[in-house]
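Have a look at query-v8.txt below; it lists compact mmCIF, C-alpha atoms and all ligand atoms.
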```txt
# COMPACT_ATOMS: atom_id res chain seq x y z
CA MET H 50 278.02 12.02 11.10
CA ILE H 51 275.13 9.74 12.05
CA GLU H 52 271.82 9.62 10.20
CA LEU H 53 268.67 7.80 11.20
CA THR H 54 265.77 7.71 8.76
CA ASN H 55 262.29 6.51 9.76
CA VAL H 56 263.67 4.04 12.28
CA ASN H 57 261.23 1.74 14.11
CA LYS H 58 261.78 -0.94 16.72
CA SER H 59 259.47 -2.99 18.86
CA TYR H 60 260.29 -5.78 21.28
CA ASN H 61 258.43 -9.08 20.99
CA GLY H 62 256.26 -7.53 18.34
CA LYS H 63 254.40 -5.43 20.87
CA VAL H 64 256.32 -2.89 23.00
CA LYS H 65 257.06 -0.08 20.54
CA ALA H 66 260.41 1.13 21.88
CA VAL H 67 261.29 3.50 19.01
CA GLU H 68 258.79 5.02 16.61
CA ASN H 69 259.56 6.66 13.29
CA LEU H 70 262.79 8.19 14.55
CA ASN H 71 264.61 10.69 12.34
CA LEU H 72 267.88 12.16 13.59
CA SER H 73 270.83 13.79 11.93
CA ILE H 74 273.94 14.14 14.07
CA SER H 75 276.54 16.34 12.40
CA ASP H 76 280.31 16.47 12.71
CA GLY H 77 281.76 18.98 15.12
CA GLN H 78 278.93 18.56 17.61
CA ILE H 79 278.23 17.11 20.99
CA PHE H 80 274.77 15.69 20.56
CA GLY H 81 272.75 14.68 23.63
CA LEU H 82 269.99 12.11 23.51
CA LEU H 83 267.81 13.00 26.47
CA GLY H 84 264.82 11.28 27.91
CA PRO H 85 263.41 9.70 31.06
CA ASN H 86 264.01 6.04 31.94
CA GLY H 87 262.48 3.77 29.32
CA ALA H 88 262.33 6.53 26.69
CA GLY H 89 264.17 4.45 24.08
CA LYS H 90 267.70 5.90 24.35
CA THR H 91 269.53 2.59 24.79
CA THR H 92 267.40 0.91 22.11
CA THR H 93 268.30 3.71 19.70
CA ILE H 94 272.01 3.44 20.52
CA LYS H 95 271.94 -0.36 20.18
CA MET H 96 270.47 0.02 16.69
CA ILE H 97 273.03 2.65 15.69
CA THR H 98 275.85 0.39 16.86
CA GLY H 99 274.41 -2.70 15.15
CA ILE H 100 273.73 -4.66 18.36
CA LEU H 101 270.03 -4.67 17.48
CA ASN H 102 268.51 -4.56 14.03
CA CYS H 103 265.85 -1.95 13.44
CA ASP H 104 262.50 -3.34 12.22
CA SER H 105 262.40 -0.73 9.47
CA GLY H 106 264.26 2.40 8.44
CA ALA H 107 267.94 3.07 7.77
CA ILE H 108 270.94 4.04 9.88
CA LYS H 109 274.18 5.37 8.44
CA ILE H 110 277.43 6.22 10.17
CA ASN H 111 279.67 8.45 8.07
CA GLY H 112 277.49 7.44 5.15
CA ILE H 113 277.94 3.70 5.75
CA ASP H 114 274.84 1.59 6.39
CA ILE H 115 275.10 -0.37 9.64
CA LYS H 116 273.03 -3.28 8.32
CA GLN H 117 274.47 -3.54 4.83
CA ASN H 118 278.11 -2.89 5.65
CA ALA H 119 278.36 -3.66 9.34
CA ILE H 120 282.13 -4.11 9.70
CA GLU H 121 283.00 -0.89 7.84
CA ALA H 122 280.32 1.01 9.78
CA LYS H 123 281.64 -0.36 13.09
CA LYS H 124 285.17 0.80 12.29
CA GLN H 125 283.86 4.36 12.31
CA PHE H 126 282.88 4.51 15.97
CA GLY H 127 283.89 3.79 19.53
CA PHE H 128 281.05 2.63 21.75
CA VAL H 129 280.60 2.68 25.51
CA PRO H 130 277.54 0.65 26.59
CA ASP H 131 275.45 1.53 29.64
CA SER H 132 276.87 -1.38 31.62
CA PRO H 133 280.67 -1.71 31.78
CA ASP H 134 280.62 -5.22 33.25
CA MET H 135 282.51 -7.15 30.60
CA PHE H 136 285.66 -9.24 30.19
CA LEU H 137 285.90 -9.31 33.96
CA ARG H 138 288.57 -12.01 34.01
CA LEU H 139 290.99 -9.96 31.95
CA LYS H 140 293.42 -7.54 33.51
CA GLY H 141 292.90 -3.94 32.48
CA LEU H 142 295.97 -3.95 30.26
CA GLU H 143 295.03 -7.31 28.70
CA TYR H 144 291.63 -5.90 27.82
CA LEU H 145 293.14 -2.81 26.18
CA ASN H 146 295.59 -4.94 24.20
CA PHE H 147 292.77 -7.26 23.14
CA ILE H 148 290.69 -4.33 21.84
CA SER H 149 293.79 -2.84 20.18
CA ASP H 150 294.38 -6.16 18.39
CA ILE H 151 290.78 -6.24 17.13
CA TYR H 152 291.03 -2.72 15.73
CA GLY H 153 294.57 -3.18 14.44
CA VAL H 154 296.21 -0.47 16.55
CA ASN H 155 300.00 -0.74 16.26
CA SER H 156 302.09 -1.14 19.40
CA GLU H 157 303.59 2.34 19.32
CA ASP H 158 300.16 4.01 19.17
CA ARG H 159 298.61 1.76 21.77
CA ILE H 160 301.40 2.34 24.28
CA LYS H 161 301.12 6.09 23.81
CA ARG H 162 297.32 6.13 24.09
CA ILE H 163 297.13 3.76 27.06
CA ASP H 164 299.67 5.93 28.85
CA GLU H 165 297.78 9.14 28.09
CA PHE H 166 294.29 7.82 28.93
CA SER H 167 295.31 6.03 32.09
CA LYS H 168 296.97 9.21 33.37
CA ARG H 169 293.90 11.27 32.54
CA PHE H 170 291.62 8.78 34.27
CA GLU H 171 294.06 7.99 37.09
CA LEU H 172 293.97 4.29 36.30
CA THR H 173 297.67 3.62 35.72
CA ASN H 174 298.16 1.64 38.93
CA ALA H 175 295.15 -0.59 38.27
CA LEU H 176 296.07 -1.74 34.76
CA GLY H 177 297.73 -4.90 36.13
CA ASP H 178 294.61 -5.92 38.11
CA LYS H 179 291.66 -7.96 36.89
CA ILE H 180 288.63 -5.94 35.82
CA GLN H 181 286.66 -8.10 38.27
CA SER H 182 288.33 -6.23 41.13
CA TYR H 183 287.45 -2.79 39.68
CA SER H 184 284.74 -0.51 41.07
CA HIS H 185 281.91 0.49 38.73
CA GLY H 186 283.65 3.78 37.95
CA MET H 187 286.95 2.05 37.17
CA ARG H 188 285.16 -0.40 34.86
CA GLN H 189 283.53 2.55 33.16
CA LYS H 190 286.95 4.13 32.64
CA ILE H 191 288.57 0.99 31.19
CA VAL H 192 285.68 0.50 28.77
CA LEU H 193 285.99 4.15 27.74
CA MET H 194 289.71 3.71 27.14
CA GLY H 195 289.00 0.61 25.04
CA ALA H 196 286.38 2.47 23.03
CA LEU H 197 288.76 5.33 22.25
CA ILE H 198 291.98 3.41 21.70
CA HIS H 199 291.55 3.15 17.94
CA GLU H 200 290.86 6.90 17.75
CA PRO H 201 287.40 6.47 16.27
CA ASN H 202 285.90 9.31 14.31
CA VAL H 203 282.49 8.92 15.96
CA TRP H 204 281.97 8.47 19.71
CA ILE H 205 278.77 6.81 20.92
CA LEU H 206 278.35 6.78 24.68
CA ASP H 207 275.33 5.42 26.57
CA GLU H 208 275.01 7.24 29.92
CA PRO H 209 278.80 7.66 30.11
CA MET H 210 278.99 9.77 33.29
CA THR H 211 277.20 7.20 35.47
CA GLY H 212 279.50 6.13 38.28
CA LEU H 213 282.42 8.35 37.31
CA ASP H 214 284.03 10.42 40.04
CA PRO H 215 284.08 14.22 39.54
CA LYS H 216 287.63 14.25 38.15
CA ALA H 217 286.97 11.48 35.61
CA SER H 218 283.64 13.03 34.67
CA PHE H 219 285.40 16.36 34.11
CA GLU H 220 288.13 14.71 32.00
CA LEU H 221 285.55 12.88 29.89
CA LYS H 222 283.61 16.08 29.24
CA GLU H 223 286.85 17.80 28.24
CA MET H 224 287.69 14.93 25.90
CA MET H 225 284.22 15.03 24.36
CA ARG H 226 284.64 18.75 23.75
CA GLU H 227 288.12 18.32 22.23
CA HIS H 228 286.77 15.61 19.94
CA ALA H 229 283.88 17.76 18.74
CA VAL H 230 286.13 20.80 18.30
CA SER H 231 288.42 18.74 16.08
CA GLY H 232 285.43 18.34 13.74
CA LYS H 233 284.31 14.86 14.79
CA THR H 234 281.07 13.43 16.16
CA VAL H 235 280.00 12.80 19.76
CA LEU H 236 276.65 11.20 20.55
CA PHE H 237 275.77 10.43 24.13
CA SER H 238 272.65 9.66 26.08
CA THR H 239 271.75 10.90 29.51
CA HIS H 240 268.83 11.42 31.83
CA VAL H 241 270.92 13.89 33.82
CA LEU H 242 269.87 17.29 32.55
CA GLU H 243 272.62 19.32 34.19
CA VAL H 244 275.21 17.41 32.15
CA ALA H 245 273.31 17.97 28.93
CA GLU H 246 272.76 21.65 29.64
CA LYS H 247 276.48 22.19 30.19
CA ILE H 248 278.03 20.32 27.29
CA CYS H 249 275.56 19.69 24.46
CA ASP H 250 275.59 21.69 21.24
CA LYS H 251 272.38 20.01 20.24
CA VAL H 252 269.82 17.82 21.99
CA ALA H 253 267.02 15.49 21.03
CA ILE H 254 264.43 14.92 23.71
CA ILE H 255 262.73 11.59 23.33
CA ASN H 256 259.96 9.91 25.26
CA LYS H 257 258.11 6.68 24.55
CA GLY H 258 260.28 6.21 21.49
CA LYS H 259 259.35 9.48 19.81
CA VAL H 260 261.30 12.69 19.32
CA LEU H 261 259.57 15.54 21.12
CA PHE H 262 262.17 18.15 20.27
CA CYS H 263 265.45 18.32 18.38
CA GLY H 264 267.65 21.41 18.19
CA THR H 265 270.04 23.61 20.13
CA LEU H 266 269.28 24.71 23.67
CA ASP H 267 268.72 28.23 22.37
CA GLU H 268 266.21 26.92 19.85
CA MET H 269 264.50 25.07 22.66
CA ARG H 270 264.23 28.25 24.73
CA GLU H 271 262.89 30.04 21.66
CA HIS H 272 260.36 27.22 21.22
CA PHE H 273 259.14 27.80 24.76
CA LYS H 274 259.41 31.58 24.43
CA VAL H 275 260.90 31.81 27.92
CA ASN H 276 264.23 31.65 29.59
CA GLU H 277 263.46 28.46 31.42
CA SER H 278 265.88 25.88 32.70
CA LEU H 279 266.29 22.73 30.67
CA GLU H 280 264.74 20.87 33.59
CA ASN H 281 261.49 22.84 33.40
CA MET H 282 261.27 22.53 29.63
CA PHE H 283 262.02 18.82 29.84
CA LEU H 284 259.39 18.21 32.50
CA GLU H 285 256.82 20.20 30.59
CA MET H 286 257.46 18.24 27.40
CA THR H 287 257.60 14.78 28.84
CA GLU H 288 254.62 15.31 31.17
CA ASN H 289 252.39 16.60 28.39
CA GLU H 290 252.82 13.32 26.58
N1 LIG H 301 265.11 -6.52 25.76
C1 LIG H 301 263.92 -5.92 25.91
N2 LIG H 301 262.77 -6.62 25.82
C2 LIG H 301 261.56 -6.01 25.94
N3 LIG H 301 261.40 -4.68 26.15
C3 LIG H 301 262.52 -3.93 26.24
C4 LIG H 301 263.84 -4.51 26.12
N4 LIG H 301 264.75 -3.49 26.25
C5 LIG H 301 264.04 -2.37 26.44
N5 LIG H 301 262.72 -2.62 26.44
C6 LIG H 301 261.63 -1.63 26.59
O1 LIG H 301 261.81 -0.64 25.56
C7 LIG H 301 261.55 0.66 26.08
C8 LIG H 301 262.80 1.54 25.88
O2 LIG H 301 263.86 1.06 26.70
P1 LIG H 301 265.34 1.65 26.65
O3 LIG H 301 265.71 1.81 25.24
O4 LIG H 301 266.20 0.79 27.49
O5 LIG H 301 265.14 3.09 27.32
P2 LIG H 301 266.18 4.11 27.99
O6 LIG H 301 267.56 3.70 27.62
O7 LIG H 301 265.78 5.44 27.45
O8 LIG H 301 265.95 4.04 29.48
C9 LIG H 301 261.14 0.50 27.52
O9 LIG H 301 259.72 0.45 27.55
C10 LIG H 301 261.74 -0.85 27.89
O10 LIG H 301 260.99 -1.46 28.90
MG MG H 302 269.23 3.33 28.76
```
Once you've parsed the file, please lay out its structure as C-alpha cells.
Ligand SMILES: Nc1ncnc2c1ncn2[C@@H]1O[C@H](COP(=O)(O)OP(=O)(O)O)[C@@H](O)[C@H]1O
Ligand SMILES: [Mg+2]
Amino acid sequence: MIELTNVNKSYNGKVKAVENLNLSISDGQIFGLLGPNGAGKTTTIKMITGILNCDSGAIKINGIDIKQNAIEAKKQFGFVPDSPDMFLRLKGLEYLNFISDIYGVNSEDRIKRIDEFSKRFELTNALGDKIQSYSHGMRQKIVLMGALIHEPNVWILDEPMTGLDPKASFELKEMMREHAVSGKTVLFSTHVLEVAEKICDKVAIINKGKVLFCGTLDEMREHFKVNESLENMFLEMTENE
C-alpha cells in the first residue's frame, strides 16, 4: 500500500515537476503510472523511494512515512530505477550477494532465489561476468533480480519493460501478476500504453505533474462514454491540457 497526500516538487525552485499529487495504491493491484515523457513519473517514483524529498506533502509505504522513518519504509519495497547502469565493475553474482547482504537475506534463501530468477530471466550463464559486459536488457534483469531478492512486499518499477526481450518482458509481467494476486503491491511507470492496457488493474494518467485521471480502465471508458482504446483516451486527455 502506497499513499501520497498533496505531494509537490519543483526543481531549482521553478520547474514544477509534480503538483498537488494524491494517489492511493492498494494491495493486490498492479497500478500503472502513465504519462508522456516529462510528465513527472520518475520524479514521483524518486520521491516515493526516498531518493528525492518532496517539497511538501506526505508519502507513506505500508503506513510508514518515507521521510520520517526512511530505513523502515525502504525495507518495504524493491525498486528498479529507469537506468540499470550501476555497480558495473561487480560480477552479476557479486552484485546479488551484495544486495542480499544489505537486506539481510540468508544464504539458503538467496541461493534459491538467485537460481529461480536467473532461470526465469535466462541469465544463469552470465552471473560470473561483470555487469559492464552486459547488454541493457541483461542489466535490467540483474537490477530486477536484486530488487526482488529480499522478497519485498511492495514493488516499484520505473519503466521496467524498456530493453527487455519478449521472453523476459513476459516473465516480468507474469511475476507482477503473481505478486499482485498474492495480495501485495505493484507500482510501475510506463509510456507504453499497450503494456498498461494489458496488465494494469488501475491507472493514473499524469501530465505536467498533475493527475488527469485515476481509476480502472473500465472507469476510464465509462468516463469517456465510449469503447475507445487506451491510446485514444490518453491522447485526448494529454492533448487537451
Ligand atoms: N534533475 C532535474 N532538474 C531539473 N528538472 C528536472 C530534473 N529531473 C526532471 N526534471 C523535469 O521535471 C519534469 C518531470 O520529469 P520526469 O519526472 O523525469 O518525467 P517522466 O519520468 O514522466 O518522463 C520534466 O519537465 C523534467 O524536465
Ligand atoms: Mg521517467
Self-check item: Asp164 in chain H surroundings by all atoms listed in the file, 12 Å radius, close-in-sequence under 2 positions cut, as a PyMOL selection string
Solution: chain H and resi 142+145+157-162+166-174+176+194+198
Using 5 Å of padding on each side, determine the axis-aligned box around all atoms of ligand LIG 301 (chain H) present in the file and give its centre and edge lengths in Å to one decimal, as AutoDock Vina command-line options.
```
--center_x 263.6 --center_y -0.6 --center_z 27.4 --size_x 17.8 --size_y 22.1 --size_z 14.2
```
Quiz item: Residues at most 10 Å from ligand LIG 301 (chain H), using only C-alpha atoms and all ligand atoms? Could they come as JSON, numbers by chain?
Solution: {"H": [58, 59, 60, 61, 62, 63, 64, 65, 66, 67, 82, 83, 84, 85, 86, 87, 88, 89, 90, 91, 92, 93, 94, 95, 96, 101, 131, 207, 208, 238, 239, 240, 255, 256, 257, 258]}
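Closest to ligand MG 302 (chain H) among H:Gly112, H:Gly81, H:Pro130, H:Gly177 is H:Pro130, based on all atoms listed in the file.
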Practice problem: Could you give me, as a list in words, the residues within 12 Å of Ala175 in chain H, counting all atoms listed in the file and dropping anything in the same chain fewer than 6 positions from it? | Solution: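 Selected residues are Lys140, Gly141, Leu142, Glu143, Ser167, Lys168, Gln181, Ser182, Tyr183, Ser184, Met187, Arg188, Lys190 and Ile191 of chain H.
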Quiz item: Closest to ligand MG 302 (chain H) among H:Val56, H:Ala122, H:Cys263, H:Val129, using only C-alpha atoms and all ligand atoms?
Solution: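 Using only C-alpha atoms and all ligand atoms, ligand MG 302 (chain H) sits closest to H:Val129.
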Exercise. Go through H:Ile110, H:Leu206, H:Leu213, H:Leu284 and flag the residue nearest ligand MG 302 (chain H), using all atoms listed in the file for the distances.
Key: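 Nearest candidate to ligand MG 302 (chain H) out of H:Ile110, H:Leu206, H:Leu213, H:Leu284: H:Leu206.
Going from CA of Tyr144 in chain H to CA of Ile180 in chain H covers 8.5 Å.
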Self-check item: Spatial neighbours of Phe262 in chain H, max dist 8 Å, all atoms listed in the file, sep filter under 3 positions, as JSON, numbers by chain
Solution: {"H": [252, 253, 254, 255, 269]}
Output file for the selection above: C-alpha atoms, as a PDB file, in the frame of the given file:
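Writing the result to part_25.pdb gives the following:
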```pdb
ATOM      1  CA  VAL H 252     269.820  17.820  21.990  1.00  0.00           C
ATOM      2  CA  ALA H 253     267.020  15.490  21.030  1.00  0.00           C
ATOM      3  CA  ILE H 254     264.430  14.920  23.710  1.00  0.00           C
ATOM      4  CA  ILE H 255     262.730  11.590  23.330  1.00  0.00           C
ATOM      5  CA  MET H 269     264.500  25.070  22.660  1.00  0.00           C
TER       6      MET H 269
END
```
Self-check item: Counting only C-alpha atoms, the option among H:Val241, H:Pro215, H:Asp250, H:Leu53 closest to Phe283 in chain H
Solution: H:Val241
